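Student: Below you'll find the structure I mean.
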Amino acid sequence: MSAIQSKRVLLKISGEALKTPGSDTVINTEITKTLAKEIKEIHDLGVQVCLVVGGGNIFRGNIAQGLGMDRVKGDYMGMLATVINGLALEGALTGEGLDARVQSAIGAGRMVQEFSQPKAIAWLEEGRVIVFSGGTGNPYFTTDTAAALRAVEVKCDLLIKATKVDGVYTADPQKDPTATKYDEITYKEAMNKGLRIMDQTAFALCEENNMPIVVLNLFEEGSIKKAVLGQSVGTRVHA
């Protein structure tokens, strides 16, 4: 087996990834359990794993707009949605025999721990899997930015952005049949070409801190394992 190339990784997944496609069910238990199994597989290799999850399966900004709410309150509702998703992932990970914990950037009472960088690093070194919820704790910032921030804070070797497509393309492959996939690309090339890999704040954080990103298909079996083993999968973004 290939040697592990990344000892500590952060996996960023959208809230929509947990949802049953075309259904009102906001958390698909089978999808969540399958994700937990894949995380256990890389954890068993000796990889330290943390996650950031979005909340779009439960709440999106257009709901707040429809209710006549301001952006700030809407963003806080979205942060609360990520705590719910975090607890669901914690349950699935625990069900796989992993010692999982949720930390939140916003106060959530007795349900989850408040985010602490020293504690998070200590937990990772002890073999715990951490789900970072609550975004950055501030409105106007996406969970992409939260993922980049946490990856840098806890000193990850790699940020994996798991999506519904198998990498970064020259154009939207669903709209442009001539679109081609990049196997790898530099931060500068991605910015010059206007490729939307992550939001600008998140991308700038990764570039400034030389945090490599792998964009891959969450639903392609074994893709996460390939990424941590340094095998060819998705698109790698680097300096």
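Following the order of the structure tokens, first chain is A, next is B, and so on, with residues numbered from 1 inside each chain and ligands from 1 in the order they appear.
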Can you pull out every residue within 10 Å of Lys161 in chain A, counting only C-alpha atoms, but drop anything in the same chain fewer than 3 positions away, and send it as a list in words?
Tutor: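 Returned residues: Leu10, Leu11, Lys12, Ile13, Ser14, Val52, Asp144, Ala147, Ala148, Leu158, Gly167, Ile197, Met198, Ile213, Val214, Val215, Leu216, Asn217, Leu218, Ile224, Gly234 and Thr235 of chain A.
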Student: List every residue of range 35-110 of chain A that DSSP, applied to the backbone, labels as strand (DSSP E), and write the result as JSON, numbers by chain.
Tutor: {"A": [48, 49, 50, 51, 52, 53, 100, 101, 102, 103, 104]}
Student: Keeping only N, CA and C atoms, write the selected residues as an mmCIF file, in the first residue's frame.
Tutor:
```
data_model
loop_
_atom_site.group_PDB
_atom_site.id
_atom_site.type_symbol
_atom_site.label_atom_id
_atom_site.label_comp_id
_atom_site.auth_asym_id
_atom_site.auth_seq_id
_atom_site.Cartn_x
_atom_site.Cartn_y
_atom_site.Cartn_z
ATOM 1 N N GLN A 48 -4.986 11.720 10.972
ATOM 2 C CA GLN A 48 -5.792 12.528 11.891
ATOM 3 C C GLN A 48 -6.800 13.314 11.052
ATOM 4 N N VAL A 49 -8.078 13.228 11.428
ATOM 5 C CA VAL A 49 -9.148 13.755 10.575
ATOM 6 C C VAL A 49 -10.016 14.758 11.320
ATOM 7 N N CYS A 50 -10.289 15.869 10.657
ATOM 8 C CA CYS A 50 -11.294 16.814 11.135
ATOM 9 C C CYS A 50 -12.163 17.223 9.955
ATOM 10 N N LEU A 51 -13.344 17.736 10.245
ATOM 11 C CA LEU A 51 -14.300 18.074 9.207
ATOM 12 C C LEU A 51 -14.907 19.443 9.461
ATOM 13 N N VAL A 52 -15.331 20.072 8.375
ATOM 14 C CA VAL A 52 -16.225 21.232 8.434
ATOM 15 C C VAL A 52 -17.401 20.901 7.542
ATOM 16 N N VAL A 53 -18.597 21.096 8.061
ATOM 17 C CA VAL A 53 -19.803 20.783 7.293
ATOM 18 C C VAL A 53 -20.664 22.034 7.148
ATOM 19 N N ALA A 100 -15.504 10.604 18.380
ATOM 20 C CA ALA A 100 -15.793 11.840 17.650
ATOM 21 C C ALA A 100 -16.286 12.919 18.594
ATOM 22 N N ARG A 101 -15.951 14.156 18.256
ATOM 23 C CA ARG A 101 -16.377 15.308 19.047
ATOM 24 C C ARG A 101 -16.783 16.435 18.102
ATOM 25 N N VAL A 102 -17.735 17.258 18.543
ATOM 26 C CA VAL A 102 -18.128 18.452 17.801
ATOM 27 C C VAL A 102 -17.644 19.672 18.566
ATOM 28 N N GLN A 103 -16.990 20.578 17.863
ATOM 29 C CA GLN A 103 -16.672 21.894 18.412
ATOM 30 C C GLN A 103 -17.451 22.935 17.609
ATOM 31 N N SER A 104 -17.890 23.977 18.281
ATOM 32 C CA SER A 104 -18.683 25.009 17.616
ATOM 33 C C SER A 104 -18.085 26.385 17.827
#
```
Student: For Thr145 in chain A, which residue among A:Leu18, A:Leu159, A:Ala81, A:Val131 is the nearest when counting only C-alpha atoms?
Tutor: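 Selected residue with least distance to Thr145 in chain A: A:Leu159.
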Student: Between CA of Gly78 in chain A and CA of Arg8 in chain A, what is the distance, to one decimal in Å?
Tutor: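 Here the two named atoms are 27.1 Å from each other.
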Student: CA of Glu189 in chain A and CA of Asn210 in chain A are how many Å apart?
Tutor: 14.6 Å
Student: With distances taken over only C-alpha atoms, which of A:Asn28, A:Ser223, A:Thr142, A:Gln117 is nearest to Arg60 in chain A?
Tutor: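 Smallest separation from Arg60 in chain A among the options: A:Thr142.
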Student: Would you compute the distance between CA of Tyr182 in chain A and CA of Thr143 in chain A? Give it in Å to one decimal.
Tutor: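 So the two atoms, CA of Tyr182 in chain A and CA of Thr143 in chain A, lie 23.9 Å apart.
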Student: Which neighbours of Gly194 in chain A fall inside 12 Å, counting only C-alpha atoms, when residues of the same chain fewer than 5 positions from it are skipped, and could you give them as a PyMOL selection string?
Tutor: chain A and resi 168-171+187-189+199-200+203
Student: Let's have the selection written as an mmCIF file, in the first residue's frame, with N, CA, C and O atoms.
Tutor:
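Now in part30.cif:
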```
data_model
loop_
_atom_site.group_PDB
_atom_site.id
_atom_site.type_symbol
_atom_site.label_atom_id
_atom_site.label_comp_id
_atom_site.auth_asym_id
_atom_site.auth_seq_id
_atom_site.Cartn_x
_atom_site.Cartn_y
_atom_site.Cartn_z
ATOM 1 N N VAL A 168 -11.791 20.137 -10.664
ATOM 2 C CA VAL A 168 -11.948 21.490 -11.191
ATOM 3 C C VAL A 168 -11.857 21.432 -12.710
ATOM 4 O O VAL A 168 -10.931 20.829 -13.258
ATOM 5 N N TYR A 169 -12.824 22.056 -13.387
ATOM 6 C CA TYR A 169 -12.886 22.034 -14.849
ATOM 7 C C TYR A 169 -12.673 23.431 -15.426
ATOM 8 O O TYR A 169 -12.809 24.437 -14.729
ATOM 9 N N THR A 170 -12.381 23.451 -16.708
ATOM 10 C CA THR A 170 -12.204 24.726 -17.416
ATOM 11 C C THR A 170 -13.513 25.500 -17.485
ATOM 12 O O THR A 170 -13.517 26.718 -17.631
ATOM 13 N N ALA A 171 -14.632 24.788 -17.400
ATOM 14 C CA ALA A 171 -15.970 25.389 -17.398
ATOM 15 C C ALA A 171 -16.897 24.397 -16.704
ATOM 16 O O ALA A 171 -16.478 23.293 -16.344
ATOM 17 N N TYR A 187 -2.426 28.046 -7.345
ATOM 18 C CA TYR A 187 -3.337 29.083 -6.856
ATOM 19 C C TYR A 187 -3.410 30.232 -7.856
ATOM 20 O O TYR A 187 -4.502 30.719 -8.188
ATOM 21 N N LYS A 188 -2.240 30.642 -8.317
ATOM 22 C CA LYS A 188 -2.177 31.802 -9.210
ATOM 23 C C LYS A 188 -2.914 31.523 -10.523
ATOM 24 O O LYS A 188 -3.664 32.356 -11.020
ATOM 25 N N GLU A 189 -2.697 30.338 -11.093
ATOM 26 C CA GLU A 189 -3.378 29.976 -12.335
ATOM 27 C C GLU A 189 -4.887 29.952 -12.141
ATOM 28 O O GLU A 189 -5.643 30.430 -12.995
ATOM 29 N N ASP A 199 -14.631 30.215 -2.106
ATOM 30 C CA ASP A 199 -14.835 31.655 -2.141
ATOM 31 C C ASP A 199 -13.484 32.356 -1.984
ATOM 32 O O ASP A 199 -12.501 31.752 -1.536
ATOM 33 N N GLN A 200 -13.435 33.618 -2.345
ATOM 34 C CA GLN A 200 -12.161 34.329 -2.436
ATOM 35 C C GLN A 200 -11.422 34.405 -1.104
ATOM 36 O O GLN A 200 -10.199 34.281 -1.055
ATOM 37 N N PHE A 203 -9.938 30.967 -0.392
ATOM 38 C CA PHE A 203 -8.849 30.678 -1.317
ATOM 39 C C PHE A 203 -7.605 31.485 -0.957
ATOM 40 O O PHE A 203 -6.487 30.969 -0.994
#
```
Student: With only C-alpha atoms as the counted atoms, please give the residues lying no more than 10 Å from range 107-113 of chain A, apart from itself and same-chain residues fewer than 3 positions off, as a list in words.
Tutor: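 Those residues are Leu80, Val83, Ile84, Gly86, Leu87, Arg101, Val102, Gln103, Ser104, Ser116, Lys119, Phe132, Ser133, Gly134 and Gly137 of chain A.
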